[in-house]
>>> print(open('model-v5.cif').read())   # mmCIF, C-alpha atoms
data_start
#
loop_
_atom_site.label_atom_id
_atom_site.label_comp_id
_atom_site.auth_asym_id
_atom_site.auth_seq_id
_atom_site.Cartn_x
_atom_site.Cartn_y
_atom_site.Cartn_z
CA MET N 1 75.12 141.16 105.38
CA LYS N 2 73.11 138.27 103.97
CA LYS N 3 74.00 139.31 100.40
CA PHE N 4 77.69 139.41 101.37
CA ILE N 5 77.52 135.87 102.79
CA VAL N 6 75.83 134.63 99.62
CA CYS N 7 78.53 136.25 97.46
CA VAL N 8 81.31 134.70 99.55
CA ALA N 9 79.63 131.29 99.33
CA LEU N 10 79.42 131.56 95.56
CA VAL N 11 83.06 132.54 95.30
CA LEU N 12 84.12 129.59 97.47
CA SER N 13 81.91 127.09 95.68
CA PHE N 14 83.24 127.95 92.24
CA SER N 15 86.82 128.83 93.33
CA VAL N 16 88.05 129.73 89.85
CA LEU N 17 91.73 129.00 89.23
CA PHE N 18 93.18 130.99 86.32
CA ALA N 19 96.29 129.95 84.41
CA GLN N 20 98.03 131.07 81.28
CA ARG N 21 96.31 128.54 79.02
CA GLY N 22 92.96 128.07 80.72
CA ALA N 23 91.03 127.91 83.95
CA ILE N 24 89.66 125.31 86.36
CA GLU N 25 86.49 125.85 88.34
CA THR N 26 84.34 123.74 90.64
CA ASP N 27 80.73 123.46 89.45
CA ILE N 28 77.65 123.30 91.67
CA PHE N 29 77.87 119.48 91.77
CA GLY N 30 81.46 119.51 93.07
CA ALA N 31 83.07 118.43 89.79
CA LEU N 32 86.16 120.17 88.47
CA GLN N 33 85.77 121.73 85.03
CA TYR N 34 88.64 122.91 82.82
CA THR N 35 88.27 125.26 79.85
CA SER N 36 91.17 126.38 77.67
CA ALA N 37 91.73 130.10 77.15
CA ASP N 38 90.32 129.94 73.61
CA GLY N 39 87.40 127.71 74.68
CA ASP N 40 88.42 125.02 72.18
CA TYR N 41 89.32 122.34 74.73
CA ARG N 42 87.31 121.27 77.78
CA ALA N 43 87.88 118.62 80.42
CA SER N 44 86.35 117.48 83.69
CA LEU N 45 87.25 115.45 86.77
CA GLU N 46 84.36 114.16 88.84
CA LYS N 47 83.25 111.33 91.10
CA ASN N 48 80.74 108.68 90.09
CA ILE N 49 78.33 106.91 92.46
CA PHE N 50 81.11 104.46 93.48
CA ASP N 51 83.49 107.34 94.42
CA ASP N 52 85.72 106.57 91.44
CA LEU N 53 87.37 109.63 89.86
CA ILE N 54 86.57 110.03 86.16
CA PHE N 55 88.49 112.28 83.77
CA LYS N 56 86.87 113.14 80.44
CA ASP N 57 87.61 115.74 77.80
CA SER N 58 86.25 117.14 74.56
CA ARG N 59 88.62 114.96 72.49
CA ASN N 60 87.05 111.69 73.65
CA ASN N 61 89.82 110.87 76.14
CA LYS N 62 88.88 109.17 79.39
CA HIS N 63 90.70 108.02 82.54
CA GLN N 64 88.92 106.08 85.28
CA TYR N 65 90.56 105.83 88.71
CA GLU N 66 88.65 103.32 90.82
CA LYS N 67 88.27 104.17 94.52
CA LYS N 68 90.21 101.09 95.64
CA TYR N 69 93.13 102.16 93.43
CA LEU N 70 93.04 105.73 94.77
CA ASP N 71 92.95 104.50 98.38
CA LYS N 72 96.05 102.38 97.72
CA ALA N 73 98.10 104.53 95.34
CA GLU N 74 97.00 108.06 96.29
CA PRO N 75 95.62 107.93 99.86
CA GLY N 76 93.78 111.12 100.74
CA LEU N 77 93.31 112.27 97.14
CA SER N 78 89.58 111.44 97.10
CA GLY N 79 88.91 114.03 99.81
CA ASN N 80 91.54 116.59 98.82
CA LYS N 81 90.29 119.12 96.26
CA ASP N 82 93.70 120.77 95.84
CA ALA N 83 95.26 117.40 94.98
CA GLN N 84 92.45 116.74 92.50
CA VAL N 85 93.09 120.12 90.87
CA ARG N 86 96.77 119.19 90.43
CA LEU N 87 95.72 115.85 88.96
CA LEU N 88 93.40 117.55 86.49
CA TRP N 89 96.15 119.94 85.37
CA ARG N 90 98.44 116.97 84.75
CA LEU N 91 95.77 115.08 82.80
CA VAL N 92 95.00 118.16 80.71
CA ARG N 93 98.69 118.45 79.79
CA GLU N 94 98.86 114.75 78.89
CA ASN N 95 95.63 114.56 76.90
CA SER N 96 95.10 117.93 75.22
CA ARG N 97 97.02 116.85 72.10
CA ARG N 98 95.61 113.35 71.65
CA THR N 99 92.20 111.83 70.90
CA ASP N 100 90.25 108.64 71.66
CA TYR N 101 92.56 107.52 74.46
CA SER N 102 91.18 105.66 77.48
CA ALA N 103 92.79 104.10 80.54
CA THR N 104 91.63 102.39 83.72
CA PHE N 105 93.39 102.26 87.08
CA LYS N 106 92.12 99.61 89.49
CA VAL N 107 92.96 97.04 92.19
CA ASP N 108 91.55 93.53 91.84
CA ILE N 109 90.33 91.11 94.52
CA PHE N 110 93.89 89.79 94.99
CA ASP N 111 95.15 93.33 95.80
CA LYS N 112 96.95 93.51 92.45
CA THR N 113 97.19 96.96 90.88
CA ILE N 114 96.17 96.93 87.21
CA ILE N 115 96.66 99.82 84.77
CA GLU N 116 95.42 99.27 81.23
CA ASP N 117 94.72 101.43 78.20
CA ASN N 118 93.23 101.01 74.72
CA LYS N 119 96.60 101.35 72.96
CA GLY N 120 98.04 97.97 73.89
CA TYR N 121 99.52 98.83 77.29
CA LYS N 122 98.89 96.83 80.48
CA LEU N 123 100.66 96.87 83.84
CA GLU N 124 100.00 94.46 86.71
CA LYS N 125 101.70 95.05 90.05
CA GLY N 126 101.28 92.68 92.98
CA LYS N 127 103.18 90.26 95.21
CA ASP N 128 104.26 86.66 94.73
CA ILE N 129 103.59 83.81 97.17
CA PHE N 130 106.56 84.92 99.28
CA GLY N 131 105.25 88.47 99.61
CA ASN N 132 107.83 89.92 97.21
CA ILE N 133 106.99 92.48 94.54
CA ASN N 134 106.08 91.24 91.07
CA VAL N 135 105.42 93.68 88.19
CA GLU N 136 104.42 92.62 84.68
CA GLU N 137 104.15 95.07 81.81
CA ARG N 138 102.99 94.60 78.22
CA VAL N 139 103.37 97.23 75.51
CA ASN N 140 102.26 96.42 71.96
CA GLY N 141 103.41 92.81 72.15
CA SER N 142 106.60 93.53 74.10
CA GLN N 143 106.64 92.02 77.61
CA ALA N 144 108.59 93.05 80.70
CA GLN N 145 108.73 91.82 84.29
CA LEU N 146 110.20 93.12 87.54
CA LYS N 147 110.52 90.72 90.46
CA ARG N 148 112.51 90.15 93.62
CA ASN N 149 114.58 86.98 93.77
CA LEU N 150 115.03 84.68 96.76
CA ARG N 151 118.20 86.56 97.81
CA GLY N 152 116.25 89.80 98.03
CA GLY N 153 117.72 91.32 94.88
CA LEU N 154 115.73 92.79 91.99
CA GLU N 155 115.54 91.34 88.50
CA TYR N 156 114.09 92.94 85.38
CA THR N 157 113.51 91.33 81.99
CA ARG N 158 112.20 92.83 78.77
CA ASP N 159 111.84 90.34 75.95
CA LYS N 160 115.38 88.86 75.62
CA HIS N 161 117.19 91.57 77.66
CA LYS N 162 117.84 91.44 81.40
CA ALA N 163 119.00 93.64 84.28
CA SER N 164 119.64 92.94 87.95
CA PHE N 165 120.29 94.88 91.14
CA ASP N 166 121.61 92.80 93.99
CA LYS N 167 124.09 92.59 96.88
CA ASP N 168 127.34 90.68 96.54
CA ILE N 169 129.13 88.78 99.32
CA PHE N 170 130.90 92.00 100.35
CA ASP N 171 127.58 93.78 100.95
CA LYS N 172 127.97 96.02 97.89
CA TRP N 173 124.99 96.72 95.67
CA ILE N 174 125.68 95.97 91.99
CA TYR N 175 123.65 96.87 88.92
CA LYS N 176 124.18 94.72 85.81
CA ASP N 177 122.39 94.42 82.49
CA SER N 178 122.66 92.48 79.24
CA PHE N 179 123.91 95.60 77.45
CA GLY N 180 127.24 95.34 79.28
CA ASN N 181 126.63 97.94 81.99
CA GLU N 182 127.87 97.19 85.50
CA ILE N 183 127.91 99.66 88.40
CA GLN N 184 128.91 99.06 92.03
CA PHE N 185 127.73 101.09 95.02
CA GLY N 186 129.66 101.09 98.30
CA GLN N 187 127.93 101.26 101.68
CA ALA N 188 128.42 105.03 102.17
CA THR N 189 127.11 105.80 98.69
CA TRP N 190 124.24 103.37 99.13
CA GLN N 191 123.07 105.12 102.28
CA ARG N 192 122.94 108.45 100.42
CA ILE N 193 120.96 106.76 97.66
CA LEU N 194 118.45 105.40 100.18
CA ASP N 195 118.10 108.84 101.74
CA GLN N 196 117.20 110.25 98.32
CA TYR N 197 115.11 107.45 96.78
CA GLY N 198 113.71 105.70 99.83
CA THR N 199 113.87 102.11 98.52
CA ASP N 200 116.08 99.95 96.33
CA GLU N 201 113.14 99.45 93.97
CA GLU N 202 112.76 103.18 93.30
CA PHE N 203 116.47 103.50 92.59
CA PHE N 204 116.41 100.42 90.34
CA TRP N 205 113.75 102.11 88.18
CA GLU N 206 116.04 105.14 87.94
CA LEU N 207 118.92 102.92 86.81
CA LEU N 208 116.70 101.24 84.24
CA ASP N 209 115.67 104.63 82.87
CA ARG N 210 119.31 105.70 82.58
CA TYR N 211 120.97 102.57 81.21
CA PHE N 212 118.38 100.04 80.05
CA TYR N 213 115.75 102.04 78.21
CA LYS N 214 118.31 104.33 76.56
CA VAL N 215 119.61 101.46 74.42
#
>>> encode(input="model-v5.cif", output="structure tokens")
Amino acid sequence: MKKFIVCVALVLSFSVLFAQRGAIETDIFGALQYTSADGDYRASLEKNIFDDLIFKDSRNNKHQYEKKYLDKAEPGLSGNKDAQVRLLWRLVRENSRRTDYSATFKVDIFDKTIIEDNKGYKLEKGKDIFGNINVEERVNGSQAQLKRNLRGGLEYTRDKHKASFDKDIFDKWIYKDSFGNEIQFGQATWQRILDQYGTDEEFFWELLDRYFYKV
């Protein structure tokens, strides 16, 4: 009986997850370890002494998710092993074909979310003095900003190009950009959009992906 309990404990502690291109297991220290099927690529996801989550792999890629960022952006992930496994799978997919990439995810003392990498990308997301969202993004010298204006509408600029998403006097939401796109959404349609996307900001990002970044 004792031997059976020991065997079960070992199985639970390592909890090997097999997949077509590799496997993830939990080592004796609680860290997640990934090994590709051919053994050529390895990666890990583990906590440091500050409870940050650190991803590293055999191609010198590294992601550091500070605890304060995780608590804000992914509440519950720090204590959820299944969620951490899903995160590791995603990071393996993103990093297995690149080398020497590093990124940090943190929240500063002003509660501003900052994501930065070593390839010229930086994102800062916080709130202005009125409590409205303000997002600034820099990519290899190109600058972009998302903010909410005093009317409550959203405005996005990237270098010399602009887009907006705002209500008119008839309570219709209108998307416009400097590429000549203009789309109106009536109240019934807008309610369905909110049911699907949750917020006007999330839908604005979708519109930017469809009409702004495609140009």
>>> residues_around(input="model-v5.cif", residues="region 125-134 of chain N", least_positions_apart="4", cutoff="8 Å", atoms="all atoms listed in the file", output="PyMOL selection string")
chain N and resi 111-114+145-148
>>> resolve_selection(input="model-v5.cif", expression="the PyMOL selection byres ((chain N and resi 77) around 12)", output="PyMOL selection string")
chain N and resi 47+51-53+65-76+78-88
>>> closest_residue(input="model-v5.cif", among="N:Trp190, N:Phe170, N:Tyr211, N:Phe29", to="Ser44 (chain N)", atoms="all atoms listed in the file")
N:Phe29
>>> atom_distance(input="model-v5.cif", atom1="CA of Tyr101 (chain N)", atom2="CA of Gln143 (chain N)")
21.2 Å
>>> closest_residue(input="model-v5.cif", among="N:Tyr34, N:Tyr156, N:Tyr197, N:Phe185", to="Glu46 (chain N)", atoms="all atoms listed in the file")
N:Tyr34
>>> closest_residue(input="model-v5.cif", among="N:Gly120, N:Ile24, N:Ala163, N:Ser142", to="Glu182 (chain N)", atoms="all atoms listed in the file")
N:Ala163
>>> atom_distance(input="model-v5.cif", atom1="CA of Ser58 (chain N)", atom2="CA of Asp27 (chain N)")
17.1 Å
>>> resolve_selection(input="model-v5.cif", expression="the PyMOL selection byres ((chain N and resi 203) around 12)", output="ChimeraX atom specification")
/N:154,164-166,173-175,185,190-202,204-210
>>> closest_residue(input="model-v5.cif", among="N:Lys172, N:Lys62, N:Lys167, N:Arg151", to="Asp117 (chain N)", atoms="all atoms listed in the file")
N:Lys62
>>> closest_residue(input="model-v5.cif", among="N:Ile109, N:Gly186, N:Glu136, N:His161", to="Phe212 (chain N)", atoms="only C-alpha atoms")
N:His161
>>> decode(input="model-v5.cif", residues="region 18-71 of chain N", atoms="C-alpha atoms", output="PDB file, in the first residue's frame")
ATOM      1  CA  PHE N  18       2.467  14.563 -23.975  1.00  0.00           C
ATOM      2  CA  ALA N  19       1.820  16.347 -27.257  1.00  0.00           C
ATOM      3  CA  GLN N  20       2.656  15.742 -30.864  1.00  0.00           C
ATOM      4  CA  ARG N  21       5.813  17.854 -30.832  1.00  0.00           C
ATOM      5  CA  GLY N  22       7.009  17.482 -27.261  1.00  0.00           C
ATOM      6  CA  ALA N  23       6.089  17.108 -23.623  1.00  0.00           C
ATOM      7  CA  ILE N  24       5.728  19.256 -20.509  1.00  0.00           C
ATOM      8  CA  GLU N  25       6.446  17.946 -17.047  1.00  0.00           C
ATOM      9  CA  THR N  26       6.629  19.432 -13.561  1.00  0.00           C
ATOM     10  CA  ASP N  27      10.009  18.895 -11.897  1.00  0.00           C
ATOM     11  CA  ILE N  28      10.605  18.277  -8.194  1.00  0.00           C
ATOM     12  CA  PHE N  29      10.951  22.035  -7.581  1.00  0.00           C
ATOM     13  CA  GLY N  30       7.544  22.820  -9.107  1.00  0.00           C
ATOM     14  CA  ALA N  31       8.900  24.325 -12.334  1.00  0.00           C
ATOM     15  CA  LEU N  32       7.433  23.389 -15.698  1.00  0.00           C
ATOM     16  CA  GLN N  33       9.903  21.858 -18.149  1.00  0.00           C
ATOM     17  CA  TYR N  34       9.294  21.437 -21.886  1.00  0.00           C
ATOM     18  CA  THR N  35      11.292  19.131 -24.161  1.00  0.00           C
ATOM     19  CA  SER N  36      10.657  18.777 -27.893  1.00  0.00           C
ATOM     20  CA  ALA N  37      10.080  15.309 -29.315  1.00  0.00           C
ATOM     21  CA  ASP N  38      13.571  15.218 -30.833  1.00  0.00           C
ATOM     22  CA  GLY N  39      15.174  16.676 -27.681  1.00  0.00           C
ATOM     23  CA  ASP N  40      16.632  19.590 -29.657  1.00  0.00           C
ATOM     24  CA  TYR N  41      14.615  22.340 -27.979  1.00  0.00           C
ATOM     25  CA  ARG N  42      14.014  22.835 -24.258  1.00  0.00           C
ATOM     26  CA  ALA N  43      12.154  25.487 -22.293  1.00  0.00           C
ATOM     27  CA  SER N  44      11.075  26.157 -18.722  1.00  0.00           C
ATOM     28  CA  LEU N  45       8.591  28.267 -16.784  1.00  0.00           C
ATOM     29  CA  GLU N  46       9.324  28.795 -13.114  1.00  0.00           C
ATOM     30  CA  LYS N  47       8.919  31.234 -10.244  1.00  0.00           C
ATOM     31  CA  ASN N  48      11.767  33.238  -8.758  1.00  0.00           C
ATOM     32  CA  ILE N  49      12.033  34.345  -5.122  1.00  0.00           C
ATOM     33  CA  PHE N  50       9.757  37.349  -5.848  1.00  0.00           C
ATOM     34  CA  ASP N  51       7.014  35.089  -7.328  1.00  0.00           C
ATOM     35  CA  ASP N  52       7.682  36.428 -10.827  1.00  0.00           C
ATOM     36  CA  LEU N  53       7.199  33.882 -13.617  1.00  0.00           C
ATOM     37  CA  ILE N  54      10.299  33.395 -15.771  1.00  0.00           C
ATOM     38  CA  PHE N  55      10.321  31.704 -19.179  1.00  0.00           C
ATOM     39  CA  LYS N  56      13.661  30.568 -20.589  1.00  0.00           C
ATOM     40  CA  ASP N  57      14.625  28.285 -23.441  1.00  0.00           C
ATOM     41  CA  SER N  58      17.643  26.678 -25.058  1.00  0.00           C
ATOM     42  CA  ARG N  59      17.785  29.399 -27.740  1.00  0.00           C
ATOM     43  CA  ASN N  60      18.541  32.180 -25.259  1.00  0.00           C
ATOM     44  CA  ASN N  61      14.994  33.570 -25.236  1.00  0.00           C
ATOM     45  CA  LYS N  62      13.604  34.927 -21.982  1.00  0.00           C
ATOM     46  CA  HIS N  63      10.290  36.397 -20.786  1.00  0.00           C
ATOM     47  CA  GLN N  64       9.886  37.798 -17.274  1.00  0.00           C
ATOM     48  CA  TYR N  65       6.364  38.343 -15.922  1.00  0.00           C
ATOM     49  CA  GLU N  66       6.582  40.286 -12.669  1.00  0.00           C
ATOM     50  CA  LYS N  67       4.105  39.284  -9.945  1.00  0.00           C
ATOM     51  CA  LYS N  68       2.432  42.707  -9.919  1.00  0.00           C
ATOM     52  CA  TYR N  69       1.806  42.401 -13.667  1.00  0.00           C
ATOM     53  CA  LEU N  70       0.385  38.883 -13.300  1.00  0.00           C
ATOM     54  CA  ASP N  71      -1.915  39.968 -10.459  1.00  0.00           C
TER      55      ASP N  71
END
